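Asks: Structure: work36.cif, mmCIF, C-alpha atoms.
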```cif
data_work
#
loop_
_atom_site.group_PDB
_atom_site.id
_atom_site.type_symbol
_atom_site.label_atom_id
_atom_site.label_comp_id
_atom_site.auth_asym_id
_atom_site.auth_seq_id
_atom_site.Cartn_x
_atom_site.Cartn_y
_atom_site.Cartn_z
ATOM 1 C CA LEU A 1 -34.293 -4.256 -55.789
ATOM 2 C CA ARG A 2 -36.609 -3.480 -52.847
ATOM 3 C CA LEU A 3 -35.991 -6.890 -51.266
ATOM 4 C CA SER A 4 -32.259 -6.394 -51.746
ATOM 5 C CA LEU A 5 -32.412 -3.062 -49.894
ATOM 6 C CA LEU A 6 -34.393 -4.649 -47.072
ATOM 7 C CA ASP A 7 -31.923 -7.512 -46.806
ATOM 8 C CA ASN A 8 -29.001 -5.062 -46.479
ATOM 9 C CA MET A 9 -30.547 -3.135 -43.605
ATOM 10 C CA LYS A 10 -28.275 -1.635 -40.954
ATOM 11 C CA ILE A 11 -29.155 -2.804 -37.437
ATOM 12 C CA CYS A 12 -27.924 -1.769 -33.996
ATOM 13 C CA ALA A 13 -28.834 -2.713 -30.436
ATOM 14 C CA VAL A 14 -29.141 -0.324 -27.481
ATOM 15 C CA VAL A 15 -28.926 -1.642 -23.913
ATOM 16 C CA VAL A 16 -29.224 0.371 -20.696
ATOM 17 C CA THR A 17 -27.275 -0.981 -17.736
ATOM 18 C CA TYR A 18 -26.660 -0.090 -14.105
ATOM 19 C CA ASN A 19 -24.486 -2.184 -11.783
ATOM 20 C CA ARG A 20 -25.397 -5.535 -13.339
ATOM 21 C CA LYS A 21 -22.235 -6.463 -15.188
ATOM 22 C CA GLU A 22 -22.725 -10.223 -14.722
ATOM 23 C CA LEU A 23 -26.107 -10.067 -16.470
ATOM 24 C CA LEU A 24 -24.746 -7.647 -19.051
ATOM 25 C CA GLU A 25 -21.916 -10.034 -19.911
ATOM 26 C CA LYS A 26 -24.404 -12.847 -20.574
ATOM 27 C CA GLN A 27 -26.159 -10.548 -23.017
ATOM 28 C CA ILE A 28 -22.894 -9.499 -24.670
ATOM 29 C CA ILE A 29 -21.853 -13.126 -25.199
ATOM 30 C CA GLU A 30 -25.256 -14.030 -26.634
ATOM 31 C CA ILE A 31 -25.338 -11.088 -29.032
ATOM 32 C CA MET A 32 -21.670 -10.913 -30.015
ATOM 33 C CA HIS A 33 -20.908 -14.627 -30.296
ATOM 34 C CA ASN A 34 -24.053 -16.760 -30.440
ATOM 35 C CA GLN A 35 -26.442 -14.914 -32.755
ATOM 36 C CA GLU A 36 -26.445 -16.060 -36.383
ATOM 37 C CA LEU A 37 -27.237 -12.487 -37.407
ATOM 38 C CA LYS A 38 -24.384 -10.122 -36.628
ATOM 39 C CA ILE A 39 -25.571 -6.609 -35.867
ATOM 40 C CA ASP A 40 -23.654 -3.533 -36.981
ATOM 41 C CA ALA A 41 -23.279 -1.919 -33.551
ATOM 42 C CA TYR A 42 -24.090 -2.549 -29.904
ATOM 43 C CA TYR A 43 -24.540 0.596 -27.768
ATOM 44 C CA VAL A 44 -24.011 0.082 -24.033
ATOM 45 C CA ILE A 45 -25.551 2.975 -22.100
ATOM 46 C CA ASP A 46 -23.924 2.901 -18.668
ATOM 47 C CA ASN A 47 -26.029 4.743 -16.073
ATOM 48 C CA CYS A 48 -22.987 5.566 -13.924
ATOM 49 C CA SER A 49 -22.305 1.998 -12.756
ATOM 50 C CA THR A 50 -19.781 1.494 -9.975
ATOM 51 C CA ASP A 51 -19.257 -2.272 -10.384
ATOM 52 C CA GLY A 52 -16.584 -2.302 -13.085
ATOM 53 C CA THR A 53 -18.894 -2.234 -16.098
ATOM 54 C CA ARG A 54 -16.409 -0.168 -18.145
ATOM 55 C CA ALA A 55 -13.631 -2.696 -17.486
ATOM 56 C CA LEU A 56 -15.961 -5.455 -18.682
ATOM 57 C CA ILE A 57 -16.669 -3.608 -21.938
ATOM 58 C CA ASP A 58 -12.958 -3.108 -22.568
ATOM 59 C CA LYS A 59 -12.571 -6.899 -22.857
ATOM 60 C CA TYR A 60 -14.683 -6.992 -26.013
ATOM 61 C CA ASP A 61 -14.490 -5.815 -29.612
ATOM 62 C CA GLY A 62 -14.524 -2.022 -29.544
ATOM 63 C CA SER A 63 -15.391 -1.752 -33.232
ATOM 64 C CA VAL A 64 -18.888 -3.115 -32.594
ATOM 65 C CA ILE A 65 -19.499 -2.109 -28.959
ATOM 66 C CA LYS A 66 -20.092 1.608 -28.449
ATOM 67 C CA TYR A 67 -19.726 2.527 -24.778
ATOM 68 C CA CYS A 68 -21.690 5.601 -23.643
ATOM 69 C CA ARG A 69 -21.639 6.698 -20.012
ATOM 70 C CA THR A 70 -24.323 9.080 -18.782
ATOM 71 C CA GLU A 71 -23.404 12.133 -16.695
ATOM 72 C CA SER A 72 -25.623 10.896 -13.861
ATOM 73 C CA ASN A 73 -27.985 7.997 -13.226
ATOM 74 C CA CYS A 74 -30.933 9.079 -15.354
ATOM 75 C CA GLY A 75 -32.928 5.869 -14.866
ATOM 76 C CA GLY A 76 -34.098 3.442 -17.490
ATOM 77 C CA ALA A 77 -36.186 6.089 -19.258
ATOM 78 C CA GLY A 78 -33.311 8.563 -19.442
ATOM 79 C CA GLY A 79 -30.929 5.811 -20.524
ATOM 80 C CA PHE A 80 -33.137 4.636 -23.381
ATOM 81 C CA SER A 81 -33.777 8.191 -24.528
ATOM 82 C CA TYR A 82 -30.076 9.092 -24.468
ATOM 83 C CA GLY A 83 -28.993 5.785 -26.007
ATOM 84 C CA LEU A 84 -31.458 5.959 -28.864
ATOM 85 C CA GLN A 85 -30.363 9.533 -29.578
ATOM 86 C CA CYS A 86 -26.710 8.421 -29.715
ATOM 87 C CA ALA A 87 -27.530 5.591 -32.111
ATOM 88 C CA PHE A 88 -29.893 7.717 -34.212
ATOM 89 C CA GLU A 89 -27.108 10.184 -34.906
ATOM 90 C CA ASP A 90 -25.142 7.328 -36.508
ATOM 91 C CA LYS A 91 -28.117 6.348 -38.707
ATOM 92 C CA TYR A 92 -29.406 2.779 -38.774
ATOM 93 C CA ASP A 93 -32.490 1.220 -40.297
ATOM 94 C CA TRP A 94 -33.547 -0.596 -37.124
ATOM 95 C CA TYR A 95 -32.761 -0.051 -33.436
ATOM 96 C CA ILE A 96 -33.187 -2.925 -30.930
ATOM 97 C CA LEU A 97 -33.909 -1.822 -27.341
ATOM 98 C CA MET A 98 -33.115 -4.082 -24.366
ATOM 99 C CA ASP A 99 -32.639 -4.048 -20.612
ATOM 100 C CA ASP A 100 -29.470 -5.611 -19.234
ATOM 101 C CA ASP A 101 -31.315 -8.542 -17.611
ATOM 102 C CA GLY A 102 -32.696 -9.918 -20.886
ATOM 103 C CA ARG A 103 -31.112 -11.491 -23.959
ATOM 104 C CA PRO A 104 -31.973 -13.436 -27.109
ATOM 105 C CA MET A 105 -33.336 -16.854 -26.162
ATOM 106 C CA ASP A 106 -31.741 -18.736 -29.068
ATOM 107 C CA LYS A 107 -29.316 -18.103 -31.910
ATOM 108 C CA GLU A 108 -32.133 -17.361 -34.386
ATOM 109 C CA CYS A 109 -33.763 -14.548 -32.363
ATOM 110 C CA PHE A 110 -32.395 -11.631 -34.401
ATOM 111 C CA GLY A 111 -32.182 -13.602 -37.636
ATOM 112 C CA ASN A 112 -35.835 -14.635 -37.469
ATOM 113 C CA MET A 113 -36.900 -11.039 -36.896
ATOM 114 C CA LYS A 114 -34.901 -9.834 -39.887
ATOM 115 C CA ARG A 115 -36.279 -12.612 -42.103
ATOM 116 C CA HIS A 116 -39.796 -11.674 -41.018
ATOM 117 C CA ILE A 117 -39.199 -8.005 -41.838
ATOM 118 C CA VAL A 118 -37.857 -8.885 -45.284
ATOM 119 C CA LYS A 119 -40.668 -11.367 -45.997
ATOM 120 C CA LYS A 120 -43.372 -8.849 -45.023
ATOM 121 C CA GLY A 121 -41.630 -5.988 -46.823
ATOM 122 C CA TYR A 122 -41.524 -3.704 -43.801
ATOM 123 C CA ASP A 123 -39.706 -0.570 -44.949
ATOM 124 C CA SER A 124 -37.606 0.879 -42.119
ATOM 125 C CA GLN A 125 -38.328 4.411 -43.326
ATOM 126 C CA ARG A 126 -41.951 3.914 -42.321
ATOM 127 C CA PRO A 127 -43.176 3.729 -38.694
ATOM 128 C CA TYR A 128 -42.875 0.226 -37.214
ATOM 129 C CA LEU A 129 -42.635 -0.987 -33.635
ATOM 130 C CA LEU A 130 -41.916 -4.721 -33.600
ATOM 131 C CA ASN A 131 -41.125 -6.956 -30.641
ATOM 132 C CA SER A 132 -39.641 -10.355 -30.093
ATOM 133 C CA LEU A 133 -41.811 -12.740 -28.083
ATOM 134 C CA VAL A 134 -40.619 -12.282 -24.488
ATOM 135 C CA LEU A 135 -40.384 -15.572 -22.584
ATOM 136 C CA SER A 136 -39.113 -16.773 -19.223
ATOM 137 C CA ASP A 137 -39.033 -20.359 -20.506
ATOM 138 C CA LYS A 138 -40.155 -22.164 -23.652
ATOM 139 C CA ASP A 139 -43.875 -21.832 -22.884
ATOM 140 C CA THR A 140 -44.244 -18.987 -20.352
ATOM 141 C CA LEU A 141 -44.560 -15.343 -21.372
ATOM 142 C CA SER A 142 -42.528 -13.132 -19.042
ATOM 143 C CA PHE A 143 -45.084 -10.330 -18.860
ATOM 144 C CA GLY A 144 -48.054 -11.744 -20.732
ATOM 145 C CA LEU A 145 -49.774 -10.218 -23.755
ATOM 146 C CA GLY A 146 -53.126 -8.995 -22.548
ATOM 147 C CA HIS A 147 -54.512 -11.940 -20.598
ATOM 148 C CA ILE A 148 -52.411 -14.463 -22.541
ATOM 149 C CA GLU A 149 -49.616 -15.975 -20.469
ATOM 150 C CA SER A 150 -48.366 -19.000 -22.441
ATOM 151 C CA VAL A 151 -47.292 -19.913 -25.957
ATOM 152 C CA THR A 152 -50.065 -22.516 -25.993
ATOM 153 C CA GLU A 153 -52.703 -19.817 -25.407
ATOM 154 C CA LEU A 154 -50.992 -17.471 -27.840
ATOM 155 C CA ASN A 155 -51.588 -19.731 -30.833
ATOM 156 C CA SER A 156 -55.226 -18.642 -31.022
ATOM 157 C CA VAL A 157 -54.327 -14.999 -31.759
ATOM 158 C CA VAL A 158 -51.325 -15.456 -34.077
ATOM 159 C CA THR A 159 -51.729 -14.453 -37.719
ATOM 160 C CA GLU A 160 -48.833 -14.939 -40.145
ATOM 161 C CA ASN A 161 -46.303 -15.191 -37.293
ATOM 162 C CA GLU A 162 -47.573 -11.968 -35.672
ATOM 163 C CA VAL A 163 -49.689 -10.850 -32.738
ATOM 164 C CA VAL A 164 -50.828 -7.417 -33.868
ATOM 165 C CA ASP A 165 -51.119 -4.431 -31.487
ATOM 166 C CA MET A 166 -49.645 -6.267 -28.481
ATOM 167 C CA ILE A 167 -45.995 -6.064 -27.428
ATOM 168 C CA ASN A 168 -43.734 -5.997 -24.342
ATOM 169 C CA PRO A 169 -41.762 -2.866 -25.234
ATOM 170 C CA PHE A 170 -38.063 -2.324 -24.584
ATOM 171 C CA ASN A 171 -37.410 -6.059 -24.295
ATOM 172 C CA GLY A 172 -36.067 -7.116 -27.675
ATOM 173 C CA THR A 173 -37.971 -4.246 -29.320
ATOM 174 C CA TRP A 174 -37.192 -3.263 -32.933
ATOM 175 C CA ILE A 175 -37.829 0.409 -33.701
ATOM 176 C CA SER A 176 -37.710 1.573 -37.302
ATOM 177 C CA ASN A 177 -35.846 4.712 -38.304
ATOM 178 C CA GLY A 178 -39.104 6.031 -39.708
ATOM 179 C CA LEU A 179 -40.847 5.761 -36.338
ATOM 180 C CA ILE A 180 -38.131 7.767 -34.600
ATOM 181 C CA GLU A 181 -38.362 10.443 -37.275
ATOM 182 C CA LYS A 182 -42.114 10.586 -36.702
ATOM 183 C CA ILE A 183 -42.452 10.499 -32.887
ATOM 184 C CA GLY A 184 -38.939 11.076 -31.556
ATOM 185 C CA PHE A 185 -37.417 9.337 -28.543
ATOM 186 C CA PRO A 186 -38.727 7.875 -25.271
ATOM 187 C CA ASN A 187 -39.477 10.501 -22.631
ATOM 188 C CA GLY A 188 -36.279 10.574 -20.579
ATOM 189 C CA LYS A 189 -37.952 12.751 -17.930
ATOM 190 C CA PHE A 190 -39.956 9.745 -16.737
ATOM 191 C CA PHE A 191 -36.758 8.497 -14.998
ATOM 192 C CA ILE A 192 -38.234 5.020 -14.408
ATOM 193 C CA LYS A 193 -41.632 3.370 -15.024
ATOM 194 C CA GLY A 194 -44.075 3.818 -17.848
ATOM 195 C CA ASP A 195 -41.716 5.195 -20.504
ATOM 196 C CA GLU A 196 -42.118 2.068 -22.626
ATOM 197 C CA ASN A 197 -45.929 2.191 -22.432
ATOM 198 C CA ASP A 198 -45.909 5.900 -23.233
ATOM 199 C CA TYR A 199 -43.739 5.274 -26.311
ATOM 200 C CA LEU A 200 -46.074 2.488 -27.429
ATOM 201 C CA ARG A 201 -49.107 4.749 -27.049
ATOM 202 C CA ARG A 202 -47.411 7.544 -28.963
ATOM 203 C CA ALA A 203 -46.550 5.124 -31.770
ATOM 204 C CA GLN A 204 -50.105 3.766 -31.974
ATOM 205 C CA SER A 205 -51.624 7.248 -31.903
ATOM 206 C CA THR A 206 -49.720 8.192 -35.070
ATOM 207 C CA GLY A 207 -50.673 5.059 -36.992
ATOM 208 C CA ALA A 208 -47.489 3.010 -36.558
ATOM 209 C CA PHE A 209 -47.732 -0.730 -37.154
ATOM 210 C CA VAL A 210 -47.204 -2.585 -33.856
ATOM 211 C CA ALA A 211 -46.759 -6.354 -33.503
ATOM 212 C CA THR A 212 -45.003 -9.168 -31.659
ATOM 213 C CA VAL A 213 -43.137 -11.504 -34.010
ATOM 214 C CA VAL A 214 -43.662 -14.963 -32.547
ATOM 215 C CA ASP A 215 -40.681 -16.903 -33.915
ATOM 216 C CA SER A 216 -38.214 -14.268 -32.681
ATOM 217 C CA ARG A 217 -37.779 -15.376 -29.071
ATOM 218 C CA TYR A 218 -36.257 -13.257 -26.344
ATOM 219 C CA PHE A 219 -35.527 -14.263 -22.752
ATOM 220 C CA HIS A 220 -36.428 -12.170 -19.726
ATOM 221 C CA PRO A 221 -36.848 -13.579 -16.198
ATOM 222 C CA LYS A 222 -40.401 -13.552 -14.903
ATOM 223 C CA LEU A 223 -40.871 -10.976 -12.182
ATOM 224 C CA GLY A 224 -41.762 -12.307 -8.736
ATOM 225 C CA GLY A 225 -44.348 -11.116 -6.237
ATOM 226 C CA TYR A 226 -47.177 -10.682 -8.746
ATOM 227 C CA LYS A 227 -50.479 -12.379 -7.890
ATOM 228 C CA LYS A 228 -53.679 -12.486 -9.893
ATOM 229 C CA LYS A 229 -56.913 -11.607 -8.148
ATOM 230 C CA LYS A 230 -60.472 -10.995 -9.282
ATOM 231 C CA VAL A 231 -61.603 -7.453 -8.530
ATOM 232 C CA PHE A 232 -65.168 -6.540 -9.477
ATOM 233 C CA GLY A 233 -65.265 -9.608 -11.713
ATOM 234 C CA LYS A 234 -62.060 -8.754 -13.600
ATOM 235 C CA GLU A 235 -58.648 -10.307 -13.115
ATOM 236 C CA MET A 236 -55.782 -7.960 -12.255
ATOM 237 C CA TYR A 237 -52.247 -8.306 -10.961
ATOM 238 C CA VAL A 238 -51.983 -7.391 -7.302
ATOM 239 C CA TYR A 239 -48.539 -6.336 -6.102
ATOM 240 C CA ILE A 240 -46.771 -3.441 -4.431
ATOM 241 C CA GLU A 241 -43.301 -2.011 -4.970
ATOM 242 C CA PRO A 242 -41.199 0.267 -2.763
ATOM 243 C CA ALA A 243 -42.898 3.608 -2.165
ATOM 244 C CA TRP A 244 -40.492 5.582 -4.367
ATOM 245 C CA LYS A 245 -41.151 3.255 -7.325
ATOM 246 C CA GLU A 246 -44.891 3.520 -6.786
ATOM 247 C CA TYR A 247 -44.491 7.297 -6.974
ATOM 248 C CA TYR A 248 -42.923 7.137 -10.436
ATOM 249 C CA SER A 249 -45.442 4.600 -11.643
ATOM 250 C CA VAL A 250 -48.462 6.723 -10.705
ATOM 251 C CA ARG A 251 -46.851 10.000 -11.750
ATOM 252 C CA ASN A 252 -45.786 8.814 -15.195
ATOM 253 C CA TYR A 253 -48.942 6.909 -16.056
ATOM 254 C CA THR A 254 -51.050 9.849 -14.892
ATOM 255 C CA PHE A 255 -49.061 12.211 -17.085
ATOM 256 C CA SER A 256 -49.256 9.860 -20.065
ATOM 257 C CA PHE A 257 -52.994 9.227 -19.714
ATOM 258 C CA LEU A 258 -53.712 12.944 -19.486
ATOM 259 C CA GLN A 259 -51.641 13.639 -22.619
ATOM 260 C CA PHE A 260 -54.172 11.488 -24.466
ATOM 261 C CA GLY A 261 -57.161 13.107 -22.719
ATOM 262 C CA GLU A 262 -57.866 10.007 -20.633
ATOM 263 C CA LYS A 263 -58.624 11.518 -17.223
ATOM 264 C CA LYS A 264 -60.854 8.587 -16.227
ATOM 265 C CA ASP A 265 -58.042 6.087 -16.879
ATOM 266 C CA ALA A 266 -55.630 8.192 -14.824
ATOM 267 C CA ILE A 267 -58.019 8.092 -11.853
ATOM 268 C CA LEU A 268 -58.651 4.351 -12.289
ATOM 269 C CA PHE A 269 -54.907 3.687 -12.309
ATOM 270 C CA LEU A 270 -54.541 5.544 -8.991
ATOM 271 C CA ILE A 271 -57.470 3.593 -7.500
ATOM 272 C CA LYS A 272 -55.868 0.277 -8.542
ATOM 273 C CA ARG A 273 -52.588 1.227 -6.867
ATOM 274 C CA ILE A 274 -54.456 2.287 -3.707
ATOM 275 C CA TYR A 275 -56.244 -1.076 -3.682
ATOM 276 C CA CYS A 276 -52.910 -2.918 -4.027
ATOM 277 C CA CYS A 277 -51.494 -0.877 -1.170
ATOM 278 C CA MET A 278 -54.430 -1.822 1.040
ATOM 279 C CA VAL A 279 -54.255 -5.588 0.410
ATOM 280 C CA CYS A 280 -50.471 -6.053 0.184
ATOM 281 C CA ASN A 281 -47.894 -6.142 2.943
ATOM 282 C CA CYS A 282 -46.170 -2.742 2.904
ATOM 283 C CA ASN A 283 -45.679 0.475 4.834
ATOM 284 C CA LYS A 284 -49.113 1.757 3.917
ATOM 285 C CA LEU A 285 -48.614 5.330 5.124
ATOM 286 C CA ASP A 286 -45.416 5.842 3.119
ATOM 287 C CA VAL A 287 -46.860 4.226 -0.001
ATOM 288 C CA MET A 288 -50.100 6.214 0.193
ATOM 289 C CA LYS A 289 -48.170 9.475 0.486
ATOM 290 C CA MET A 290 -46.162 8.602 -2.623
ATOM 291 C CA LEU A 291 -49.237 7.524 -4.580
ATOM 292 C CA PHE A 292 -51.021 10.830 -4.028
ATOM 293 C CA LYS A 293 -47.866 12.863 -4.582
ATOM 294 C CA GLY A 294 -47.269 10.977 -7.818
ATOM 295 C CA TYR A 295 -50.811 11.658 -8.989
ATOM 296 C CA GLN A 296 -50.552 15.400 -8.255
ATOM 297 C CA ASP A 297 -47.120 15.702 -9.903
ATOM 298 C CA GLY A 298 -48.357 13.787 -12.959
ATOM 299 C CA LYS A 299 -51.313 16.160 -13.311
ATOM 300 C CA LYS A 300 -48.973 19.154 -13.098
ATOM 301 C CA GLY A 301 -46.409 17.640 -15.501
ATOM 302 C CA ARG A 302 -43.724 17.743 -12.823
ATOM 303 C CA LEU A 303 -41.331 15.169 -14.256
ATOM 304 C CA GLY A 304 -37.659 14.281 -13.778
ATOM 305 C CA ALA A 305 -35.785 12.428 -11.015
ATOM 306 C CA THR A 306 -37.735 14.150 -8.250
ATOM 307 C CA ILE A 307 -37.682 11.266 -5.742
ATOM 308 C CA LYS A 308 -34.555 9.282 -4.905
ATOM 309 C CA PRO A 309 -34.501 5.671 -3.615
#
```
Starting from the coordinates I provided, produce the structure as structure tokens.
Replies:
Amino acid sequence: LRLSLLDNMKICAVVVTYNRKELLEKQIIEIMHNQELKIDAYYVIDNCSTDGTRALIDKYDGSVIKYCRTESNCGGAGGFSYGLQCAFEDKYDWYILMDDDGRPMDKECFGNMKRHIVKKGYDSQRPYLLNSLVLSDKDTLSFGLGHIESVTELNSVVTENEVVDMINPFNGTWISNGLIEKIGFPNGKFFIKGDENDYLRRAQSTGAFVATVVDSRYFHPKLGGYKKKKVFGKEMYVYIEPAWKEYYSVRNYTFSFLQFGEKKDAILFLIKRIYCCMVCNCNKLDVMKMLFKGYQDGKKGRLGATIKP
């Protein structure tokens, strides 16, 4: 009976999009037509796009696609928070979170995840945070898992098709109904940056089971401009983003670290971003101003869309 209930689970997907209808359509086609597992609903959270996203959605099956337009551009964090709340009101067992520039890598992506859940007996009314393996090609991890960057390297840490306690959240991420009931929704006040890491930390702090399911494969392009460099004997990614993005990164991570009483980690994060600013090609004065403003606002809990691009 228990396996039967697991096999009949209700599943929805939630995607946040903003002015990327060409990428969104690739995802729609993959999910609606190519996946062997048909999900019950697909929530498109439109962050006030101006590129004809609504017209694109109107071309597809309205019984499965649920179009939700935000009142203003509330960023990825606000979009995920709002979208998950919309879906949660309709009650599903599992909620799959995705950006609009990613999609299942093959037709078995969702099906393999469901089979894994059923095989392991993961009850959706308990707290689970599961992730597909996020790849930019067949062997390269899009974001890495710890210091692991390829499927070949990954094999050494896989146990029963899982890499426990390491995920790339909000890219093919399966959230159980029980986890939402326990910790709520992503912090929409982050606007952009760090909301996925904050949600992961909140899940782990309450004892949720967290794992990447290796045979469920999800595509996301590898981000450019990231270089590895040894700093004080440890490898770290060295890169810099526009000043306004750096602001949100430092602000949100500072806030999140301090929520867990990790003042030292908050300071170390700021130091790392200062180092990147110093060694990368950027407008150093503007970036530095945003880094320190972000740190102060994070300490004070001053969240929201406070800085515009």
Asks: Within 9 Å of range 170-194 of chain A, which residues of range 21-94 of chain A come that close, and what is the closest atom pair and distance in Å for each? Count all atoms listed in the file and give it as a tab-separated table.
Replies:
```
residue	atom	partner	partner_atom	distance
A:Asn73	CA	A:Phe191	CA	9.0
A:Cys74	CA	A:Phe191	CA	5.9
A:Gly75	CA	A:Phe191	CA	4.6
A:Gly76	CA	A:Ile192	CA	5.4
A:Ala77	CA	A:Gly188	CA	4.7
A:Gly78	CA	A:Gly188	CA	3.8
A:Gly79	CA	A:Gly188	CA	7.2
A:Phe80	CA	A:Pro186	CA	6.7
A:Ser81	CA	A:Pro186	CA	5.0
A:Tyr82	CA	A:Gly188	CA	7.5
A:Leu84	CA	A:Phe185	CA	6.9
A:Gln85	CA	A:Phe185	CA	7.1
A:Phe88	CA	A:Asn177	CA	7.8
A:Lys91	CA	A:Asn177	CA	7.9
A:Tyr92	CA	A:Asn177	CA	6.7
A:Asp93	CA	A:Asn177	CA	5.2
A:Trp94	CA	A:Ser176	CA	4.7
```
Asks: Which residues are near Arg302 in chain A? Cut-off 10 Å, only C-alpha atoms, ignore same chain within fewer than 5 positions. Put them as a ChimeraX atom specification.
Replies: /A:189-190,251-252,255,294,296-297
Asks: For range 282-284 of chain A, work out the shell of residues within 9 Å, counting only C-alpha atoms and skipping chain neighbours fewer than 2 positions away, then give it as a ChimeraX atom specification.
Replies: /A:240-243,277-280,286-289
Asks: Excluding Ile307 in chain A and any residue of its chain fewer than 4 positions from it, enumerate the residues within 9 Å of it, using all atoms listed in the file, and give them as number ranges by chain.
Replies: A: 244-245, 247-248
Asks: Grab the residues selected above and save them as a tab-separated table (two decimals), in the frame of the given file with C-alpha atoms.
Replies:
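Generated output (again.tsv):
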```
chain	number	residue	atom	x	y	z
A	244	TRP	CA	-40.49	5.58	-4.37
A	245	LYS	CA	-41.15	3.26	-7.32
A	247	TYR	CA	-44.49	7.30	-6.97
A	248	TYR	CA	-42.92	7.14	-10.44
```
Asks: As a check of understanding, name the residues that the PyMOL selection byres ((chain A and resi 106-117) around 8) selects in the supplied structure, as a PyMOL selection string.
Replies: chain A and resi 6-7+30+34-37+104-105+118-122+132+213+215-218
Asks: Using 3 Å of padding on each side, determine the axis-aligned box around all atoms of range 258-273 of chain A present in the file and give its centre and edge lengths in Å to one decimal, as AutoDock Vina command-line options.
Replies:
```
--center_x -56.2 --center_y 7.0 --center_z -15.7 --size_x 15.2 --size_y 19.4 --size_z 23.6
```
Asks: Find, counting only C-alpha atoms, the residue in A:Ser156, A:Ser124, A:Gln27, A:Ser205 that gets nearest to Phe260 in chain A.
Replies: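 Looking at the shortest contact to Phe260 in chain A, the residue is A:Ser205.
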Asks: Looking at only C-alpha atoms, which of A:His33, A:Arg126, A:Lys227, A:Lys26 is the one that sits closest to Asp61 in chain A?
Replies: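 Distance minimum relative to Asp61 in chain A lands on A:His33.
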Asks: Return the single residue from A:Met290, A:Ile65, A:Val151, A:Leu268 that is closest to Ser136 in chain A, with distances computed using only C-alpha atoms.
Replies: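 Among the listed residues, A:Val151 lies closest to Ser136 in chain A.
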Asks: Apply the PyMOL selection byres ((chain A and resi 130) around 6) to the structure shown and report the selected residues as a PyMOL selection string.
Replies: chain A and resi 129+131+173-174+210-212
Asks: Could you check which of A:Asp40, A:Asp58, A:Asp139, A:Glu246 is closest to Leu154 in chain A, using all atoms listed in the file?
Replies: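 Selected residue with least distance to Leu154 in chain A: A:Asp139.
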Asks: For a quick check of understanding, using all atoms listed in the file, which of A:Ile274, A:Ala266, A:Leu23, A:Met98 has the smallest distance to Pro169 in chain A?
Replies: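 Of A:Ile274, A:Ala266, A:Leu23, A:Met98, the one nearest Pro169 in chain A is A:Met98, counting all atoms listed in the file.
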Asks: Could you please determine the separation between CA of Gly144 in chain A and CA of Asn281 in chain A in Å, to one decimal place?
Replies: 24.3 Å
Asks: For CA of Thr254 in chain A and CA of Thr206 in chain A, determine how far apart the two atoms are, in Å to one decimal place.
Replies: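 The value is 20.3 Å.
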Asks: Please compute the CA of Tyr226 in chain A-CA of Cys276 in chain A distance, one decimal, in Å.
Replies: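 Computing it gives 10.7 Å between the two atoms.
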Asks: Of the residues A:Gly52, A:Tyr239, A:Tyr253, A:Lys138, which is the one nearest to Tyr275 in chain A, using all atoms listed in the file?
Replies: A:Tyr239
Asks: Quick check on the file I pasted: which residues fall under the PyMOL selection byres ((chain A and resi 45) around 9)? Write them as a PDB file with C-alpha atoms, keeping the file's coordinate frame.
Replies:
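Resulting contents of expr.pdb:
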```pdb
ATOM      1  CA  VAL A  14     -29.141  -0.324 -27.481  1.00  0.00           C
ATOM      2  CA  VAL A  15     -28.926  -1.642 -23.913  1.00  0.00           C
ATOM      3  CA  VAL A  16     -29.224   0.371 -20.696  1.00  0.00           C
ATOM      4  CA  THR A  17     -27.275  -0.981 -17.736  1.00  0.00           C
ATOM      5  CA  TYR A  18     -26.660  -0.090 -14.105  1.00  0.00           C
ATOM      6  CA  TYR A  43     -24.540   0.596 -27.768  1.00  0.00           C
ATOM      7  CA  VAL A  44     -24.011   0.082 -24.033  1.00  0.00           C
ATOM      8  CA  ASP A  46     -23.924   2.901 -18.668  1.00  0.00           C
ATOM      9  CA  ASN A  47     -26.029   4.743 -16.073  1.00  0.00           C
ATOM     10  CA  CYS A  48     -22.987   5.566 -13.924  1.00  0.00           C
ATOM     11  CA  LYS A  66     -20.092   1.608 -28.449  1.00  0.00           C
ATOM     12  CA  TYR A  67     -19.726   2.527 -24.778  1.00  0.00           C
ATOM     13  CA  CYS A  68     -21.690   5.601 -23.643  1.00  0.00           C
ATOM     14  CA  ARG A  69     -21.639   6.698 -20.012  1.00  0.00           C
ATOM     15  CA  THR A  70     -24.323   9.080 -18.782  1.00  0.00           C
ATOM     16  CA  GLY A  79     -30.929   5.811 -20.524  1.00  0.00           C
ATOM     17  CA  PHE A  80     -33.137   4.636 -23.381  1.00  0.00           C
ATOM     18  CA  TYR A  82     -30.076   9.092 -24.468  1.00  0.00           C
ATOM     19  CA  GLY A  83     -28.993   5.785 -26.007  1.00  0.00           C
TER      20      GLY A  83
END
```
Asks: For Ser142 in chain A, work out the shell of residues within 10 Å, counting only C-alpha atoms and skipping chain neighbours fewer than 2 positions away, then give it as a list of chain:residue names.
Replies: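 Here the answer would be A:Leu133, A:Val134, A:Leu135, A:Ser136, A:Asp137, A:Asp139, A:Thr140, A:Gly144, A:Leu145, A:Glu149, A:Ser150, A:Asn168, A:Tyr218, A:Phe219, A:His220, A:Pro221, A:Lys222, A:Leu223.
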